[in-house]
Every structure is written in structure tokens, then in C-alpha cells.
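File shown here: my_file_16.json, holding JSON, C-alpha atoms.
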[["chain", "number", "residue", "atom", "x", "y", "z"],
["A", 1, "MET", "CA", 124.92, 91.04, 65.73],
["A", 2, "THR", "CA", 121.78, 90.45, 67.77],
["A", 3, "THR", "CA", 119.39, 93.08, 68.94],
["A", 4, "ALA", "CA", 117.81, 93.02, 72.35],
["A", 5, "SER", "CA", 114.12, 92.28, 72.32],
["A", 6, "PRO", "CA", 111.97, 95.13, 73.58],
["A", 7, "ARG", "CA", 110.78, 94.94, 77.14],
["A", 8, "PRO", "CA", 107.12, 94.02, 77.48],
["A", 9, "ARG", "CA", 104.91, 97.00, 78.07],
["A", 10, "LEU", "CA", 103.54, 96.97, 81.60],
["A", 11, "LEU", "CA", 99.80, 97.44, 81.77],
["A", 12, "PRO", "CA", 98.30, 99.58, 84.53],
["A", 13, "VAL", "CA", 96.66, 97.07, 86.83],
["A", 14, "PRO", "CA", 93.58, 98.56, 88.51],
["A", 15, "ALA", "CA", 94.20, 98.98, 92.21],
["A", 16, "VAL", "CA", 90.83, 97.36, 92.94],
["A", 17, "ALA", "CA", 91.70, 94.16, 91.05],
["A", 18, "LEU", "CA", 92.22, 90.98, 93.06],
["A", 19, "TRP", "CA", 95.48, 89.10, 92.47],
["A", 20, "SER", "CA", 95.90, 85.35, 92.13],
["A", 21, "GLY", "CA", 98.00, 85.39, 95.30],
["A", 22, "GLN", "CA", 95.01, 86.69, 97.28],
["A", 23, "ARG", "CA", 91.88, 84.99, 98.62],
["A", 24, "VAL", "CA", 88.57, 86.47, 99.69],
["A", 25, "VAL", "CA", 87.71, 84.71, 102.94],
["A", 26, "THR", "CA", 84.49, 84.65, 104.94],
["A", 27, "PRO", "CA", 85.32, 83.26, 108.40],
["A", 28, "PRO", "CA", 82.81, 81.01, 110.19],
["A", 29, "LEU", "CA", 79.58, 82.90, 110.76],
["A", 30, "HIS", "CA", 77.25, 83.23, 113.69],
["A", 31, "ILE", "CA", 73.69, 83.96, 112.56],
["A", 32, "GLY", "CA", 71.49, 85.44, 115.26],
["A", 33, "PRO", "CA", 68.39, 87.61, 115.63],
["A", 34, "ASP", "CA", 70.53, 90.77, 115.43],
["A", 35, "GLY", "CA", 72.32, 89.74, 112.25],
["A", 36, "VAL", "CA", 75.43, 87.89, 111.15],
["A", 37, "SER", "CA", 78.85, 88.12, 112.76],
["A", 38, "HIS", "CA", 82.20, 86.47, 112.35],
["A", 39, "ARG", "CA", 83.67, 84.32, 115.04],
["A", 40, "GLY", "CA", 86.88, 86.18, 115.79],
["A", 41, "THR", "CA", 88.26, 89.20, 113.99],
["A", 42, "GLU", "CA", 85.69, 91.05, 111.90],
["A", 43, "GLU", "CA", 85.90, 93.46, 108.97],
["A", 44, "ARG", "CA", 83.16, 96.08, 109.32],
["A", 45, "ASP", "CA", 82.80, 99.51, 107.75],
["A", 46, "ALA", "CA", 81.88, 102.74, 109.53],
["A", 47, "GLU", "CA", 78.16, 101.90, 109.24],
["A", 48, "GLY", "CA", 78.67, 98.51, 110.86],
["A", 49, "GLN", "CA", 78.24, 96.49, 107.65],
["A", 50, "LEU", "CA", 80.05, 93.14, 107.73],
["A", 51, "TRP", "CA", 82.58, 92.44, 104.95],
["A", 52, "PRO", "CA", 84.78, 89.46, 104.09],
["A", 53, "GLN", "CA", 88.52, 89.41, 104.67],
["A", 54, "VAL", "CA", 91.24, 89.42, 102.02],
["A", 55, "HIS", "CA", 94.22, 87.19, 102.72],
["A", 56, "GLY", "CA", 97.50, 87.09, 100.81],
["A", 57, "ALA", "CA", 99.70, 89.52, 98.93],
["A", 58, "ARG", "CA", 99.39, 91.22, 95.53],
["A", 59, "THR", "CA", 101.45, 88.55, 93.83],
["A", 60, "GLY", "CA", 100.95, 86.28, 90.85],
["A", 61, "ARG", "CA", 98.70, 87.69, 88.15],
["A", 62, "PRO", "CA", 95.93, 90.27, 88.34],
["A", 63, "GLU", "CA", 92.37, 88.98, 88.02],
["A", 64, "TYR", "CA", 90.96, 91.86, 86.00],
["A", 65, "ALA", "CA", 87.38, 90.61, 86.22],
["A", 66, "VAL", "CA", 87.43, 90.21, 90.03],
["A", 67, "MET", "CA", 87.53, 93.15, 92.43],
["A", 68, "ASN", "CA", 89.07, 93.17, 95.88],
["A", 69, "PRO", "CA", 85.94, 93.86, 97.96],
["A", 70, "LEU", "CA", 87.73, 96.01, 100.53],
["A", 71, "LEU", "CA", 89.41, 98.21, 97.93],
["A", 72, "GLN", "CA", 86.19, 98.44, 95.89],
["A", 73, "ARG", "CA", 84.47, 99.67, 99.05],
["A", 74, "GLN", "CA", 87.18, 102.24, 99.68],
["A", 75, "ALA", "CA", 87.15, 103.55, 96.10],
["A", 76, "MET", "CA", 83.33, 103.74, 95.91],
["A", 77, "ASP", "CA", 82.92, 105.29, 99.34],
["A", 78, "ARG", "CA", 85.63, 107.94, 98.87],
["A", 79, "LEU", "CA", 85.15, 108.37, 95.08],
["A", 80, "LEU", "CA", 88.69, 107.36, 94.22],
["A", 81, "CYS", "CA", 89.99, 106.29, 90.81],
["A", 82, "GLN", "CA", 89.71, 102.51, 90.60],
["A", 83, "VAL", "CA", 93.09, 102.27, 88.85],
["A", 84, "GLY", "CA", 95.31, 104.63, 90.83],
["A", 85, "MET", "CA", 93.30, 105.12, 94.06],
["A", 86, "GLY", "CA", 93.84, 108.86, 93.80],
["A", 87, "PRO", "CA", 91.07, 111.43, 93.37],
["A", 88, "ALA", "CA", 88.76, 110.70, 90.44],
["A", 89, "THR", "CA", 88.46, 113.45, 87.81],
["A", 90, "ARG", "CA", 85.72, 115.97, 88.60],
["A", 91, "THR", "CA", 84.61, 118.82, 86.33],
["A", 92, "GLU", "CA", 81.66, 121.19, 86.14],
["A", 93, "HIS", "CA", 79.85, 118.31, 84.39],
["A", 94, "GLY", "CA", 80.40, 115.89, 87.26],
["A", 95, "MET", "CA", 82.68, 112.97, 88.03],
["A", 96, "LEU", "CA", 84.21, 110.69, 85.42],
["A", 97, "TRP", "CA", 83.05, 107.10, 85.01],
["A", 98, "ILE", "CA", 84.07, 104.55, 82.40],
["A", 99, "LEU", "CA", 81.74, 101.55, 82.08],
["A", 100, "PRO", "CA", 81.74, 98.43, 79.92],
["A", 101, "ARG", "CA", 79.61, 98.89, 76.82],
["A", 102, "PRO", "CA", 76.41, 96.82, 77.17],
["A", 103, "ALA", "CA", 75.64, 94.20, 74.58],
["A", 104, "GLY", "CA", 72.04, 95.37, 74.17],
["A", 105, "SER", "CA", 70.71, 91.90, 74.96],
["A", 106, "PRO", "CA", 68.01, 91.02, 77.53],
["A", 107, "GLU", "CA", 70.76, 89.81, 79.84],
["A", 108, "ASP", "CA", 72.88, 92.93, 79.26],
["A", 109, "PRO", "CA", 70.49, 95.76, 78.21],
["A", 110, "GLU", "CA", 71.47, 99.25, 77.11],
["A", 111, "TYR", "CA", 71.96, 101.77, 79.90],
["A", 112, "ASP", "CA", 68.75, 103.58, 80.85],
["A", 113, "TRP", "CA", 69.95, 106.98, 82.03],
["A", 114, "THR", "CA", 66.39, 108.26, 82.57],
["A", 115, "GLU", "CA", 66.01, 105.83, 85.48],
["A", 116, "GLY", "CA", 69.64, 106.02, 86.50],
["A", 117, "VAL", "CA", 72.32, 103.38, 86.01],
["A", 118, "THR", "CA", 73.45, 101.31, 88.98],
["A", 119, "THR", "CA", 77.06, 100.21, 89.01],
["A", 120, "THR", "CA", 79.67, 98.62, 91.23],
["A", 121, "GLU", "CA", 82.44, 100.16, 89.12],
["A", 122, "PRO", "CA", 84.28, 102.96, 90.98],
["A", 123, "PRO", "CA", 85.03, 106.20, 89.10],
["A", 124, "VAL", "CA", 88.30, 106.97, 87.32],
["A", 125, "CYS", "CA", 90.70, 109.80, 86.66],
["A", 126, "LEU", "CA", 91.08, 111.00, 83.07],
["A", 127, "PHE", "CA", 94.63, 109.70, 82.71],
["A", 128, "HIS", "CA", 93.81, 106.17, 83.80],
["A", 129, "ALA", "CA", 90.50, 106.15, 81.94],
["A", 130, "ARG", "CA", 92.33, 106.67, 78.65],
["A", 131, "VAL", "CA", 94.86, 103.96, 79.42],
["A", 132, "SER", "CA", 92.20, 101.52, 80.60],
["A", 133, "ALA", "CA", 90.05, 102.04, 77.50],
["A", 134, "HIS", "CA", 92.95, 100.83, 75.34],
["A", 135, "GLN", "CA", 94.61, 98.24, 77.55],
["A", 136, "CYS", "CA", 92.08, 96.80, 80.01],
["A", 137, "PRO", "CA", 91.21, 93.29, 78.70],
["A", 138, "ARG", "CA", 87.55, 93.62, 79.69],
["A", 139, "LEU", "CA", 87.04, 97.06, 78.14],
["A", 140, "GLY", "CA", 89.10, 96.13, 75.12],
["A", 141, "LYS", "CA", 86.78, 93.21, 74.43],
["A", 142, "ARG", "CA", 83.44, 94.90, 75.08],
["A", 143, "GLY", "CA", 84.20, 98.54, 74.42],
["A", 144, "HIS", "CA", 83.45, 101.36, 76.82],
["A", 145, "VAL", "CA", 81.02, 104.14, 77.68],
["A", 146, "ALA", "CA", 82.59, 107.24, 79.25],
["A", 147, "VAL", "CA", 80.48, 109.87, 81.01],
["A", 148, "TYR", "CA", 80.71, 112.71, 83.47],
["A", 149, "VAL", "CA", 78.00, 112.19, 86.08],
["A", 150, "ARG", "CA", 76.50, 114.91, 88.29],
["A", 151, "ASP", "CA", 74.65, 112.57, 90.65],
["A", 152, "ALA", "CA", 76.28, 109.37, 91.95],
["A", 153, "GLU", "CA", 74.36, 108.40, 95.07],
["A", 154, "LEU", "CA", 75.34, 105.40, 97.18],
["A", 155, "VAL", "CA", 72.17, 103.32, 97.12],
["A", 156, "ALA", "CA", 72.84, 99.67, 97.87],
["A", 157, "VAL", "CA", 75.19, 96.93, 98.92],
["A", 158, "GLU", "CA", 75.78, 93.65, 97.11],
["A", 159, "GLY", "CA", 76.80, 90.49, 98.87],
["A", 160, "THR", "CA", 75.64, 87.24, 100.40],
["A", 161, "TYR", "CA", 72.36, 87.27, 102.32],
["A", 162, "TYR", "CA", 71.66, 84.67, 105.00],
["A", 163, "PRO", "CA", 67.89, 84.19, 105.48],
["A", 164, "PRO", "CA", 67.35, 84.03, 109.25],
["A", 165, "MET", "CA", 64.59, 81.40, 109.23],
["A", 166, "ALA", "CA", 66.04, 79.02, 106.64],
["A", 167, "ARG", "CA", 67.14, 75.63, 107.97],
["A", 168, "PRO", "CA", 69.54, 74.62, 106.66],
["A", 169, "VAL", "CA", 70.85, 78.09, 105.92],
["A", 170, "ARG", "CA", 70.84, 78.77, 102.18],
["A", 171, "PRO", "CA", 72.88, 81.89, 101.40],
["A", 172, "ILE", "CA", 71.68, 84.03, 98.50],
["A", 173, "LYS", "CA", 73.75, 86.38, 96.31],
["A", 174, "THR", "CA", 71.75, 89.59, 96.12],
["A", 175, "ALA", "CA", 71.68, 93.38, 96.50],
["A", 176, "ARG", "CA", 69.79, 95.32, 99.15],
["A", 177, "PRO", "CA", 69.21, 99.07, 99.68],
["A", 178, "LEU", "CA", 71.58, 100.57, 102.23],
["A", 179, "ASP", "CA", 68.71, 101.35, 104.57],
["A", 180, "SER", "CA", 67.21, 97.85, 104.39],
["A", 181, "PRO", "CA", 67.21, 95.86, 107.66],
["A", 182, "ASP", "CA", 68.30, 92.87, 105.54],
["A", 183, "THR", "CA", 71.83, 94.29, 105.31],
["A", 184, "ARG", "CA", 72.51, 93.15, 108.88],
["A", 185, "LEU", "CA", 72.09, 89.60, 107.57],
["A", 186, "MET", "CA", 74.57, 90.12, 104.74],
["A", 187, "VAL", "CA", 78.28, 89.76, 104.19],
["A", 188, "ALA", "CA", 78.87, 92.56, 101.70],
["A", 189, "ASP", "CA", 81.29, 92.45, 98.78],
["A", 190, "ARG", "CA", 80.33, 95.56, 96.73],
["A", 191, "LEU", "CA", 78.98, 99.05, 97.24],
["A", 192, "VAL", "CA", 76.52, 100.23, 94.58],
["A", 193, "ARG", "CA", 76.01, 103.77, 93.26],
["A", 194, "ARG", "CA", 73.22, 105.01, 91.00],
["A", 195, "LEU", "CA", 74.51, 107.31, 88.27],
["A", 196, "ARG", "CA", 72.28, 110.08, 86.93],
["A", 197, "ALA", "CA", 72.57, 113.25, 84.83],
["A", 198, "PRO", "CA", 75.35, 112.04, 82.50],
["A", 199, "THR", "CA", 77.37, 114.02, 79.99],
["A", 200, "PRO", "CA", 79.09, 111.79, 77.39],
["A", 201, "VAL", "CA", 82.79, 112.38, 76.96],
["A", 202, "ASP", "CA", 85.28, 111.22, 74.33],
["A", 203, "ILE", "CA", 88.27, 110.21, 76.42],
["A", 204, "THR", "CA", 90.29, 109.59, 73.24],
["A", 205, "ASP", "CA", 90.17, 113.32, 72.40],
["A", 206, "ARG", "CA", 93.79, 114.48, 72.47],
["A", 207, "LEU", "CA", 92.84, 118.03, 73.37],
["A", 208, "LEU", "CA", 90.86, 116.78, 76.35],
["A", 209, "ALA", "CA", 93.74, 114.60, 77.47],
["A", 210, "ARG", "CA", 96.34, 117.34, 77.23],
["A", 211, "GLY", "CA", 97.94, 117.73, 80.64],
["A", 212, "ALA", "CA", 96.14, 114.73, 82.18],
["A", 213, "LEU", "CA", 98.33, 113.29, 84.93],
["A", 214, "PRO", "CA", 98.03, 110.05, 86.92],
["A", 215, "CYS", "CA", 95.87, 110.57, 90.00],
["A", 216, "ASN", "CA", 98.42, 108.70, 92.13],
["A", 217, "ARG", "CA", 101.47, 110.68, 91.09],
["A", 218, "PRO", "CA", 103.70, 111.71, 94.02],
["A", 219, "ALA", "CA", 103.10, 115.21, 95.27],
["A", 220, "ARG", "CA", 105.84, 117.62, 94.26],
["A", 221, "ALA", "CA", 107.74, 119.21, 97.06],
["A", 222, "THR", "CA", 107.37, 122.99, 97.22],
["A", 223, "SER", "CA", 110.43, 125.12, 97.62],
["A", 224, "ARG", "CA", 110.57, 127.92, 100.15]]
What does this structure look like when you write it as C-alpha cells?
Amino acid sequence: MTTASPRPRLLPVPAVALWSGQRVVTPPLHIGPDGVSHRGTEERDAEGQLWPQVHGARTGRPEYAVMNPLLQRQAMDRLLCQVGMGPATRTEHGMLWILPRPAGSPEDPEYDWTEGVTTTEPPVCLFHARVSAHQCPRLGKRGHVAVYVRDAELVAVEGTYYPPMARPVRPIKTARPLDSPDTRLMVADRLVRRLRAPTPVDITDRLLARGALPCNRPARATSR
């Protein structure tokens, strides 16, 4: 008598992760005195910032270390959970963030909360934070830091900057403040928030997790 092998456990793939069946595409650019623009259809946000396009479907395998720039923008702008794209957990201590634990090296220094920590990681809900801490390959390898944050200001945009006077044009990967005139010469791929006033939280605490539900669970119909 043979026994059926157990089904593999499905990991929660962050909604902001790019899939191998997708490509981030920057169409041909026009660089002028007023900034950069795409020839043809453009992807711009409400502030007029230019973004790349994402082609293809969520097929193949998830690229955990690579974020879909358009979904990262949506999650950071609207403060949505990066895993479920529902509302991130908010308490009297602030909104929940889970960040990779720094190595403490010059290239990856410890977080300096007195100055504020800048991040391109969107927030999370408590349910998905717990699952991610155990099952996300990146967090599983490096460990995590979980905090409630009272102040999470949008401060900058990351992307590719096209110096207007350079010939030939030599694009530069960089970050610029949101109010910088240089952003008109950028194709963005990340929004950046600065996190301040943190309260550490142990997301493995079973009492804390009691009753935590996925942020993207379907709304229950109410009976009349």
C-alpha cells in the first residue's frame, strides 16, 4: 500500500513581486528641455512622474528580490500591504513595517532611527508579516526587523536619471527628492518613504497574532 505524498505548501507570493513571465520595459525616450517622455503610450502617476511599463502576465516563478515598479508605487502611495495589497495594519503606535535585518557592515549599516530610515519596502498587514517572516526567502536568509511607525513620509523617488547635457546620454541609477526638478528627467521605479518614531514589535507573539486575518480576505456579505 502506497501513501500519497503531501502537497507542497504554497508560499504567499508578495503582490509587489515581479514574475519571470513579466518584463519591465522602458520604451524609446525623448529627452527635451522639459524632461523625458516616451514615444507613444506613457505610464505617469498623478503627479506627472514618468514610470516604465510592465509587460506580460504573472506566470512562471516569482522573483522575490525584484519588485513590480507599478505595484510598488501603488502599495507605497496608498499604504497597502505589499503581500496582499489590502490595508496595512495600523494601531495607536503607527503602521506596521517589516524590513530585512541589516548586516551591520559599511555597505549595509544598522538602521539609524534618530535620523529616520528610508525604505522602498511597502508596509504589511500583521497576518502577512508573520507568514513572510517565516517563509519569504529574503527575510528567512537575513532575518527581519518589525516596527510600528508613526511617521512614514513620502520623500523621494528612485529610478534612472538622464542628464540633459550629457552627449552621449549616460543614464544614472539614483534617488531624488520628490520636489527636485531632476525628477522630470527620471524614469522612476520606486517610491521612497522615510520611517520615524518606531515601536518594535514581536510579530511571532501568539497573543499579538490572535485574530489576525489576511488583509485581502473577501468582505463578508451582511444579512438584512
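For the residues A:Val201, A:Val36, A:Val66, A:Val131, ranking by smallest atom-to-atom distance to Trp19 in chain A using all atoms listed in the file places A:Val66 first.
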So the first atom is CA of Arg184 in chain A and the second is CA of Asp34 in chain A; what is the distance between them in Å, to one decimal place?
7.2 Å
Neighbour list for Ala156 in chain A as a ChimeraX atom specification, cut-off 8 Å, only C-alpha atoms, skip fewer than 3 positions in-chain:
/A:175-178,191-193
How would the residues just chosen look if you wrote them out with C-alpha atoms as a PDB file, keeping the file's coordinate frame?
ATOM      1  CA  ALA A 175      71.680  93.380  96.500  1.00  0.00           C
ATOM      2  CA  ARG A 176      69.790  95.320  99.150  1.00  0.00           C
ATOM      3  CA  PRO A 177      69.210  99.070  99.680  1.00  0.00           C
ATOM      4  CA  LEU A 178      71.580 100.570 102.230  1.00  0.00           C
ATOM      5  CA  LEU A 191      78.980  99.050  97.240  1.00  0.00           C
ATOM      6  CA  VAL A 192      76.520 100.230  94.580  1.00  0.00           C
ATOM      7  CA  ARG A 193      76.010 103.770  93.260  1.00  0.00           C
TER       8      ARG A 193
END
With distances taken over only C-alpha atoms, the candidate from A:Met165, A:Leu207, A:Met95, A:Cys125 nearest Ile31 in chain A is A:Met165
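Between Leu213 in chain A and the candidates A:Ala133, A:Ala88, A:Ala46, A:Val149, the tightest atom-to-atom separation, counting all atoms listed in the file, involves A:Ala88.
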May I ask which of the residues A:Ala65, A:Val16, A:Ala57, A:Ala212 is the closest one to Cys81 in chain A, counting all atoms listed in the file?
A:Val16
